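**Q** This is the structure I have questions about; it appears just below.
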Amino acid sequence: MKAAVLRAVNQPMAIEEVTLDDPGPGQLLVKTAASGVCHSDLHFIEGLWPSPLPVVLGHEAAGVVEQVGPGVTHAGPGDHVVLLFVPFCGSCRYCNTGRPYLCGRGRTGGQTLHIGEQAVAPFASISSFAEYMMVPEGGVVKIKKEVPLDKAALVGCGVMTGVGAAINTAKVQPGASCAVIGAGGVGLNVIQGCALAGAERIIAIDIHANKLEMAREFGATHVIDASNEDAVAKVQELTNGGADYAFEVIGLPEAITQAFDMVRRGGEAIVVGMAPIGSEVTISAPAFMAEKVLRGCVYGSSRPRYDMPRLLDLYMAGKLKLDELVSRTYPLEGINEAFAAMKNGEVARSVIVF
Ligand SMILES: [Zn+2]
Ligand SMILES: [Zn+2]
């Protein structure tokens with residue numbers, strides 16, 4: 001099968017012939033229908049997060065089950081599935097306390113992907129920039145067949161991460177004020193999550209005018225162009241002293257500090273962005289005397305087999321925007337072009353369609 005292979009950081013990926021083993025116990029072979037192009041993949045391309053090389057990236061995907069290994073019960077051949085980049089084991093303390101997104105034991109599967117002579121583990125248990133994927137059963141969510149797979153793929157990372165940050169992690173309350181730093185693919189979903197939760201004021205902050213325009217479409221009531229305005233002062237002004245919630249959705253230490261500074265006494269800053277390995281954040285220690293909270297967030301605190309079908313039902317009911325997120329689609333051969341467009345801030349989301 002064909003896959004986009006990254007052999008060195010900061011180099012273009014090449015379309016190469018690679019192979020997968022047959023599914024072993026607890027594994028599924030899934031034919032890739034679509035894979036979103038996510039900013040987190042770029043961190044690995046640029047070496048900000050380490051990965052063994054060569055690697056087939058891609059972690060926001062949906063497809064059709066082709067074959068299952070012994071013991072698999074959740075889905076069978078022909079079923080439509082969304083893939084999880086944090087597969088869950090179902091039996092650890094996190095899985096049993098409603099926090100499967102923190103499970104570290106679901107990544108079984110071993111080295112099933114052969115790139116040239118080398119056997120490697122699938123990236124994020126998925127490796128979706130390939131025609132087929134080998135995934136563990138705990139990394140699969142069965143979905144209704146009427147949901148278009150190119151839209152379902154987005155729920156596998158960006159939509160779940162963003163909407164989940166608002167409704168699961170922060171538990172935004174009706175009437176709340178929210179500030180969202182970064183209106184890219186995930187930030188737009190934080191914005192629509194805040195809108196779904198009934199926030200009264202949603203302030204989008206970015207430095208790209210095209211993204212601020214999209215932010216309004218996704219539910220922002222106010223926008224701040226941080227290239228020519230002081231975002232912290234402006235949020236404080238618009239919210240009478242500070243937002244109830246501020247979301248950092250870029251992955252920049254300075255922006256995390258800003259998010260913390262723009263919430264009111266007792267308010268909460270939620271870090272959604274993926275900051276580079278080794279980076280550190282400076283925040284005001286006395287601010288804790290005002291009961292301010294700085295909270296981490298991963299995968300939208302999702303319970304995937306509950307949350308993902310629920311989000312897709314909202315989409316089918318016309319209450320969650322997915323079509324509007326997709327700026328461009330590319331064939332697998334267009335992968336390097338898709339990453340270049342994302343890096344230039346031209347797109348909300350690009351999707352590789354197989
Ligand atoms: Zn992602
Ligand atoms: Zn677990």
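Identifiers for the structure tokens are assigned positionally: chains receive A, B, ... in sequence, residues are indexed from 1 per chain, and ligands are indexed from 1 in the order shown.
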Check which residues of chain A sit at most 10 Å from ligand 1 using only C-alpha atoms and all ligand atoms, and return one row each with the closest pair of atoms and their distance in Å to one decimal, ordered by chain and rising number, as JSON lines.

**A**
{"residue": "A:Gly36", "atom": "CA", "partner": "ligand 1", "partner_atom_place_in_ligand_line": "1 (Zn)", "distance": 8.0}
{"residue": "A:Val37", "atom": "CA", "partner": "ligand 1", "partner_atom_place_in_ligand_line": "1 (Zn)", "distance": 7.6}
{"residue": "A:Cys38", "atom": "CA", "partner": "ligand 1", "partner_atom_place_in_ligand_line": "1 (Zn)", "distance": 4.6}
{"residue": "A:His39", "atom": "CA", "partner": "ligand 1", "partner_atom_place_in_ligand_line": "1 (Zn)", "distance": 6.2}
{"residue": "A:Ser40", "atom": "CA", "partner": "ligand 1", "partner_atom_place_in_ligand_line": "1 (Zn)", "distance": 5.1}
{"residue": "A:Asp41", "atom": "CA", "partner": "ligand 1", "partner_atom_place_in_ligand_line": "1 (Zn)", "distance": 6.9}
{"residue": "A:Leu42", "atom": "CA", "partner": "ligand 1", "partner_atom_place_in_ligand_line": "1 (Zn)", "distance": 9.5}
{"residue": "A:Gly58", "atom": "CA", "partner": "ligand 1", "partner_atom_place_in_ligand_line": "1 (Zn)", "distance": 8.1}
{"residue": "A:His59", "atom": "CA", "partner": "ligand 1", "partner_atom_place_in_ligand_line": "1 (Zn)", "distance": 6.2}
{"residue": "A:Glu60", "atom": "CA", "partner": "ligand 1", "partner_atom_place_in_ligand_line": "1 (Zn)", "distance": 5.9}
{"residue": "A:Ala61", "atom": "CA", "partner": "ligand 1", "partner_atom_place_in_ligand_line": "1 (Zn)", "distance": 9.7}
{"residue": "A:Phe85", "atom": "CA", "partner": "ligand 1", "partner_atom_place_in_ligand_line": "1 (Zn)", "distance": 8.4}
{"residue": "A:Ala124", "atom": "CA", "partner": "ligand 1", "partner_atom_place_in_ligand_line": "1 (Zn)", "distance": 10.0}
{"residue": "A:Leu154", "atom": "CA", "partner": "ligand 1", "partner_atom_place_in_ligand_line": "1 (Zn)", "distance": 8.8}
{"residue": "A:Val155", "atom": "CA", "partner": "ligand 1", "partner_atom_place_in_ligand_line": "1 (Zn)", "distance": 9.8}
{"residue": "A:Gly156", "atom": "CA", "partner": "ligand 1", "partner_atom_place_in_ligand_line": "1 (Zn)", "distance": 7.9}
{"residue": "A:Cys157", "atom": "CA", "partner": "ligand 1", "partner_atom_place_in_ligand_line": "1 (Zn)", "distance": 4.7}
{"residue": "A:Gly158", "atom": "CA", "partner": "ligand 1", "partner_atom_place_in_ligand_line": "1 (Zn)", "distance": 5.6}
{"residue": "A:Val159", "atom": "CA", "partner": "ligand 1", "partner_atom_place_in_ligand_line": "1 (Zn)", "distance": 9.2}
{"residue": "A:Met160", "atom": "CA", "partner": "ligand 1", "partner_atom_place_in_ligand_line": "1 (Zn)", "distance": 9.6}
{"residue": "A:Thr161", "atom": "CA", "partner": "ligand 1", "partner_atom_place_in_ligand_line": "1 (Zn)", "distance": 8.1}
{"residue": "A:Gly185", "atom": "CA", "partner": "ligand 1", "partner_atom_place_in_ligand_line": "1 (Zn)", "distance": 9.2}
{"residue": "A:Val186", "atom": "CA", "partner": "ligand 1", "partner_atom_place_in_ligand_line": "1 (Zn)", "distance": 8.4}
{"residue": "A:Met274", "atom": "CA", "partner": "ligand 1", "partner_atom_place_in_ligand_line": "1 (Zn)", "distance": 9.6}
{"residue": "A:Tyr299", "atom": "CA", "partner": "ligand 1", "partner_atom_place_in_ligand_line": "1 (Zn)", "distance": 8.8}

**Q** For range 201-203 of chain A, find every residue with an atom within 9 Å (counting only C-alpha atoms), except residues of its own chain fewer than 3 positions away, and show them as a compact mmCIF listing (two decimals) with N, CA and C atoms, in the first residue's frame.

**A**
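result_29.txt, written as the output of this step:
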# COMPACT_ATOMS: atom_id res chain seq x y z
N GLY A 175 -24.19 31.43 29.98
CA GLY A 175 -24.00 32.81 30.43
C GLY A 175 -22.56 33.18 30.72
N ALA A 176 -21.64 32.23 30.61
CA ALA A 176 -20.23 32.49 30.93
C ALA A 176 -19.57 33.35 29.86
N SER A 177 -18.43 33.95 30.25
CA SER A 177 -17.59 34.66 29.27
C SER A 177 -16.33 33.83 29.03
N CYS A 178 -15.98 33.69 27.74
CA CYS A 178 -14.86 32.83 27.36
C CYS A 178 -13.94 33.57 26.41
N ALA A 179 -12.64 33.45 26.62
CA ALA A 179 -11.66 33.98 25.67
C ALA A 179 -10.91 32.80 25.07
N VAL A 180 -10.67 32.83 23.78
CA VAL A 180 -10.01 31.72 23.10
C VAL A 180 -8.82 32.27 22.31
N ILE A 181 -7.62 31.90 22.74
CA ILE A 181 -6.40 32.38 22.06
C ILE A 181 -5.99 31.38 20.99
N ILE A 191 -14.34 27.41 20.28
CA ILE A 191 -15.34 28.46 20.14
C ILE A 191 -16.74 27.86 19.97
N CYS A 194 -17.93 26.38 23.25
CA CYS A 194 -18.41 27.41 24.18
C CYS A 194 -19.81 27.87 23.79
N ALA A 195 -20.04 27.99 22.47
CA ALA A 195 -21.36 28.41 21.98
C ALA A 195 -22.40 27.34 22.31
N ALA A 215 -13.82 32.69 13.01
CA ALA A 215 -14.20 32.59 14.43
C ALA A 215 -15.62 33.11 14.65
N GLY A 219 -19.14 31.18 16.16
CA GLY A 219 -19.83 31.59 17.39
C GLY A 219 -19.15 32.67 18.20
N ALA A 220 -17.99 33.19 17.75
CA ALA A 220 -17.35 34.27 18.51
C ALA A 220 -18.23 35.51 18.47
N THR A 221 -18.41 36.15 19.62
CA THR A 221 -19.21 37.39 19.67
C THR A 221 -18.30 38.61 19.53
N HIS A 222 -17.02 38.45 19.85
CA HIS A 222 -16.05 39.54 19.73
C HIS A 222 -14.75 38.95 19.21
N VAL A 223 -13.98 39.75 18.48
CA VAL A 223 -12.67 39.28 18.04
C VAL A 223 -11.60 40.32 18.36
N ILE A 224 -10.40 39.82 18.64
CA ILE A 224 -9.26 40.70 18.92
C ILE A 224 -8.11 40.30 17.99
N VAL A 235 -9.48 41.89 26.67
CA VAL A 235 -10.40 40.89 27.25
C VAL A 235 -10.91 41.40 28.60
N LEU A 238 -13.57 43.93 27.91
CA LEU A 238 -14.81 43.37 27.35
C LEU A 238 -15.58 42.52 28.36
N THR A 239 -14.91 42.09 29.43
CA THR A 239 -15.56 41.17 30.39
C THR A 239 -15.67 41.78 31.78
N ALA A 243 -12.24 37.24 32.01
CA ALA A 243 -13.15 36.20 31.52
C ALA A 243 -13.32 35.11 32.58

**Q** Would you mind listing what lies within 10 Å of Asn10 in chain A as a short mmCIF file (atom, residue, chain, number, x, y, z; two decimals) with N, CA and C atoms, in the first residue's frame, with only C-alpha atoms counted and same-chain residues fewer than 2 positions away left out?

**A**
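For reference, part26.cif as written:
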data_model
loop_
_atom_site.label_atom_id
_atom_site.label_comp_id
_atom_site.auth_asym_id
_atom_site.auth_seq_id
_atom_site.Cartn_x
_atom_site.Cartn_y
_atom_site.Cartn_z
N LEU A 6 7.93 9.96 6.38
CA LEU A 6 8.88 11.01 6.80
C LEU A 6 10.18 10.31 7.21
N ARG A 7 11.26 10.63 6.52
CA ARG A 7 12.54 9.97 6.82
C ARG A 7 13.51 10.86 7.59
N ALA A 8 13.29 12.18 7.55
CA ALA A 8 14.15 13.11 8.30
C ALA A 8 13.34 14.35 8.64
N PRO A 12 10.47 17.05 3.15
CA PRO A 12 9.15 16.64 2.64
C PRO A 12 8.95 15.13 2.83
N MET A 13 7.68 14.74 2.98
CA MET A 13 7.38 13.30 3.03
C MET A 13 7.36 12.76 1.61
N LEU A 42 2.74 18.47 12.58
CA LEU A 42 3.80 19.40 12.19
C LEU A 42 4.91 19.46 13.25
N HIS A 43 4.53 19.33 14.53
CA HIS A 43 5.53 19.31 15.60
C HIS A 43 6.53 18.18 15.40
N PHE A 44 6.04 17.05 14.90
CA PHE A 44 6.94 15.91 14.68
C PHE A 44 7.76 16.11 13.41
N ILE A 45 7.14 16.72 12.38
CA ILE A 45 7.88 17.00 11.14
C ILE A 45 9.03 17.96 11.45
N GLU A 46 8.76 18.94 12.32
CA GLU A 46 9.78 19.95 12.62
C GLU A 46 10.71 19.53 13.75
N GLY A 47 10.47 18.37 14.34
CA GLY A 47 11.35 17.87 15.38
C GLY A 47 11.15 18.53 16.74
#

**Q** Restricting the calculation to only C-alpha atoms and all ligand atoms: of A:Leu53, A:Val5, A:Val65, A:Leu102, which residue gets closest to ligand 2?

**A**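 With only C-alpha atoms and all ligand atoms as the atom set, the closest residue is A:Leu102.
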
**Q** Using only C-alpha atoms and all ligand atoms, which residues have at least one atom no more than 8 Å from ligand 2? Output them as a VMD selection string.

**A** chain A and resid 88 to 96 100 102 to 106

**Q** Can you work out the spacing between CA of Tyr306 in chain A and CA of Gly193 in chain A in Å, to one decimal?

**A** 16.2 Å

**Q** Within 6 Å of range 336-353 of chain A, counting only C-alpha atoms, which residues qualify if same-chain residues fewer than 2 places away don't, as a compact mmCIF listing (two decimals) with C-alpha atoms, in the first residue's frame?

**A**
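Once written, selection_14.txt looks like this:
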# COMPACT_ATOMS: atom_id res chain seq x y z
CA ALA A 34 -9.90 10.35 5.24
CA SER A 35 -7.23 11.89 7.43
CA GLY A 36 -7.16 15.43 8.74
CA VAL A 37 -3.94 17.41 8.58
CA GLY A 184 -7.12 27.56 14.01
CA GLY A 185 -8.66 24.12 13.51
CA LEU A 325 -14.05 23.50 9.01
CA VAL A 326 -12.71 21.89 5.87
CA SER A 327 -10.95 24.53 3.81
CA ARG A 328 -9.34 22.13 1.32
CA THR A 329 -9.07 18.47 0.44
CA TYR A 330 -6.00 16.82 -1.06
CA PRO A 331 -5.05 13.39 -2.36
CA LEU A 332 -2.25 11.66 -0.41
CA GLY A 334 -0.67 16.55 -1.91

**Q** Write down as a list in words the residues of range 18-85 of chain A whose backbone DSSP state falls under helix (DSSP H, G or I).

**A**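 DSSP-assigned helix (DSSP H, G or I) residues in range 18-85 of chain A: His39, Ser40, Asp41, Leu42, His43, Phe44 and Ile45 of chain A.
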
**Q** Selected residues, N, CA and C atoms, written as a short mmCIF file (atom, residue, chain, number, x, y, z; two decimals), in the first residue's frame, please.

**A**
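And here is the file that came out, out12.cif:
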data_model
loop_
_atom_site.label_atom_id
_atom_site.label_comp_id
_atom_site.auth_asym_id
_atom_site.auth_seq_id
_atom_site.Cartn_x
_atom_site.Cartn_y
_atom_site.Cartn_z
N HIS A 39 -2.11 20.23 13.27
CA HIS A 39 -0.91 20.95 13.64
C HIS A 39 0.05 20.09 14.46
N SER A 40 -0.48 19.13 15.20
CA SER A 40 0.39 18.29 16.03
C SER A 40 1.35 17.46 15.18
N ASP A 41 0.90 17.03 14.00
CA ASP A 41 1.81 16.30 13.10
C ASP A 41 3.01 17.17 12.75
N LEU A 42 2.74 18.47 12.58
CA LEU A 42 3.80 19.40 12.19
C LEU A 42 4.91 19.46 13.25
N HIS A 43 4.53 19.33 14.53
CA HIS A 43 5.53 19.31 15.60
C HIS A 43 6.53 18.18 15.40
N PHE A 44 6.04 17.05 14.90
CA PHE A 44 6.94 15.91 14.68
C PHE A 44 7.76 16.11 13.41
N ILE A 45 7.14 16.72 12.38
CA ILE A 45 7.88 17.00 11.14
C ILE A 45 9.03 17.96 11.45
#

**Q** One decimal, in Å: what's the spacing between CA of Val298 in chain A and CA of Val64 in chain A?

**A**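 Going from CA of Val298 in chain A over to CA of Val64 in chain A covers 26.1 Å.
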
**Q** As an exercise, work out the distance from CA of Leu312 in chain A to CA of Ala153 in chain A in Å and give it to one decimal place.

**A**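 We find that CA of Leu312 in chain A and CA of Ala153 in chain A lie 10.4 Å from each other.
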
**Q** So that I can see what lies close to Ala231 in chain A, please list as number ranges by chain the residues with an atom at most 8 Å from it, counting only C-alpha atoms and leaving out residues fewer than 5 positions away in the same chain.

**A** A: 205, 224-226, 258

**Q** I need the residue nearest His74 in chain A from this list: A:Glu268, A:Arg305, A:Val172, A:Ile283. Use only C-alpha atoms for the distance.

**A**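 The answer is A:Arg305, which sits nearest to His74 in chain A.
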
**Q** Can you tell me which residues surround Met133 in chain A at a distance of at most 12 Å, considering only C-alpha atoms, apart from same-chain residues fewer than 3 positions away, and format the answer as a count of residues only?

**A** 52

**Q** Can you list every residue in range 151-274 of chain A that DSSP puts in strand (DSSP E), as an mmCIF file with N, CA and C atoms, in the first residue's frame?

**A**
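Saved as out.cif:
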data_model
loop_
_atom_site.group_PDB
_atom_site.id
_atom_site.type_symbol
_atom_site.label_atom_id
_atom_site.label_comp_id
_atom_site.auth_asym_id
_atom_site.auth_seq_id
_atom_site.Cartn_x
_atom_site.Cartn_y
_atom_site.Cartn_z
ATOM 1 N N SER A 177 -18.430 33.952 30.253
ATOM 2 C CA SER A 177 -17.593 34.658 29.271
ATOM 3 C C SER A 177 -16.331 33.827 29.027
ATOM 4 N N CYS A 178 -15.985 33.687 27.744
ATOM 5 C CA CYS A 178 -14.857 32.831 27.361
ATOM 6 C C CYS A 178 -13.938 33.573 26.405
ATOM 7 N N ALA A 179 -12.640 33.451 26.618
ATOM 8 C CA ALA A 179 -11.659 33.979 25.671
ATOM 9 C C ALA A 179 -10.910 32.795 25.075
ATOM 10 N N VAL A 180 -10.673 32.833 23.775
ATOM 11 C CA VAL A 180 -10.009 31.718 23.099
ATOM 12 C C VAL A 180 -8.819 32.267 22.309
ATOM 13 N N ILE A 181 -7.616 31.902 22.737
ATOM 14 C CA ILE A 181 -6.398 32.381 22.062
ATOM 15 C C ILE A 181 -5.991 31.377 20.990
ATOM 16 N N ARG A 201 -20.584 35.415 26.071
ATOM 17 C CA ARG A 201 -19.565 36.202 25.396
ATOM 18 C C ARG A 201 -18.419 35.275 25.017
ATOM 19 N N ILE A 202 -18.078 35.263 23.750
ATOM 20 C CA ILE A 202 -16.965 34.417 23.294
ATOM 21 C C ILE A 202 -16.017 35.307 22.506
ATOM 22 N N ILE A 203 -14.832 35.491 23.056
ATOM 23 C CA ILE A 203 -13.869 36.420 22.464
ATOM 24 C C ILE A 203 -12.757 35.617 21.800
ATOM 25 N N ALA A 204 -12.632 35.753 20.475
ATOM 26 C CA ALA A 204 -11.586 35.042 19.736
ATOM 27 C C ALA A 204 -10.388 35.954 19.544
ATOM 28 N N ILE A 205 -9.196 35.386 19.743
ATOM 29 C CA ILE A 205 -7.955 36.158 19.627
ATOM 30 C C ILE A 205 -7.032 35.450 18.630
ATOM 31 N N ASP A 206 -6.581 36.186 17.621
ATOM 32 C CA ASP A 206 -5.654 35.605 16.648
ATOM 33 C C ASP A 206 -4.913 36.755 15.969
ATOM 34 N N HIS A 222 -17.021 38.453 19.852
ATOM 35 C CA HIS A 222 -16.052 39.537 19.735
ATOM 36 C C HIS A 222 -14.747 38.947 19.206
ATOM 37 N N VAL A 223 -13.981 39.753 18.483
ATOM 38 C CA VAL A 223 -12.667 39.278 18.036
ATOM 39 C C VAL A 223 -11.597 40.318 18.362
ATOM 40 N N ILE A 224 -10.397 39.820 18.636
ATOM 41 C CA ILE A 224 -9.261 40.699 18.920
ATOM 42 C C ILE A 224 -8.111 40.301 17.994
ATOM 43 N N ASP A 225 -7.607 41.282 17.233
ATOM 44 C CA ASP A 225 -6.428 41.044 16.417
ATOM 45 C C ASP A 225 -5.204 41.345 17.278
ATOM 46 N N ALA A 243 -12.236 37.243 32.008
ATOM 47 C CA ALA A 243 -13.152 36.202 31.524
ATOM 48 C C ALA A 243 -13.323 35.108 32.581
ATOM 49 N N ASP A 244 -14.443 34.400 32.505
ATOM 50 C CA ASP A 244 -14.631 33.234 33.376
ATOM 51 C C ASP A 244 -13.661 32.120 32.981
ATOM 52 N N TYR A 245 -13.483 31.969 31.660
ATOM 53 C CA TYR A 245 -12.592 30.927 31.148
ATOM 54 C C TYR A 245 -11.733 31.514 30.034
ATOM 55 N N ALA A 246 -10.462 31.146 30.003
ATOM 56 C CA ALA A 246 -9.617 31.477 28.855
ATOM 57 C C ALA A 246 -8.958 30.189 28.382
ATOM 58 N N PHE A 247 -8.969 29.989 27.070
ATOM 59 C CA PHE A 247 -8.395 28.772 26.486
ATOM 60 C C PHE A 247 -7.169 29.145 25.666
ATOM 61 N N GLU A 248 -6.056 28.498 25.929
ATOM 62 C CA GLU A 248 -4.861 28.696 25.117
ATOM 63 C C GLU A 248 -4.833 27.563 24.098
ATOM 64 N N VAL A 263 -8.088 35.913 32.879
ATOM 65 C CA VAL A 263 -9.285 35.440 33.585
ATOM 66 C C VAL A 263 -9.491 36.225 34.881
ATOM 67 N N ARG A 264 -10.727 36.290 35.301
ATOM 68 C CA ARG A 264 -11.104 37.037 36.504
ATOM 69 C C ARG A 264 -10.656 36.289 37.766
ATOM 70 N N ARG A 265 -10.874 36.903 38.919
ATOM 71 C CA ARG A 265 -10.645 36.199 40.182
ATOM 72 C C ARG A 265 -11.528 34.950 40.200
ATOM 73 N N GLY A 266 -10.960 33.822 40.544
ATOM 74 C CA GLY A 266 -11.738 32.580 40.551
ATOM 75 C C GLY A 266 -11.931 31.970 39.168
ATOM 76 N N GLY A 267 -11.391 32.632 38.145
ATOM 77 C CA GLY A 267 -11.548 32.124 36.779
ATOM 78 C C GLY A 267 -10.548 31.024 36.460
ATOM 79 N N GLU A 268 -10.715 30.462 35.262
ATOM 80 C CA GLU A 268 -9.935 29.283 34.924
ATOM 81 C C GLU A 268 -9.292 29.415 33.539
ATOM 82 N N ALA A 269 -7.981 29.164 33.482
ATOM 83 C CA ALA A 269 -7.283 29.143 32.195
ATOM 84 C C ALA A 269 -7.012 27.688 31.842
ATOM 85 N N ILE A 270 -7.405 27.290 30.630
ATOM 86 C CA ILE A 270 -7.258 25.906 30.211
ATOM 87 C C ILE A 270 -6.254 25.837 29.061
ATOM 88 N N VAL A 271 -5.232 25.007 29.228
ATOM 89 C CA VAL A 271 -4.174 24.901 28.214
ATOM 90 C C VAL A 271 -4.498 23.735 27.289
#

**Q** Let me make sure I understand: among A:Phe288, A:Val163, A:His208, A:Ile15, which one has the smallest atom-to-atom distance to Gly182 in chain A if we use only C-alpha atoms?

**A**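 Smallest distance to Gly182 in chain A is found for A:His208.
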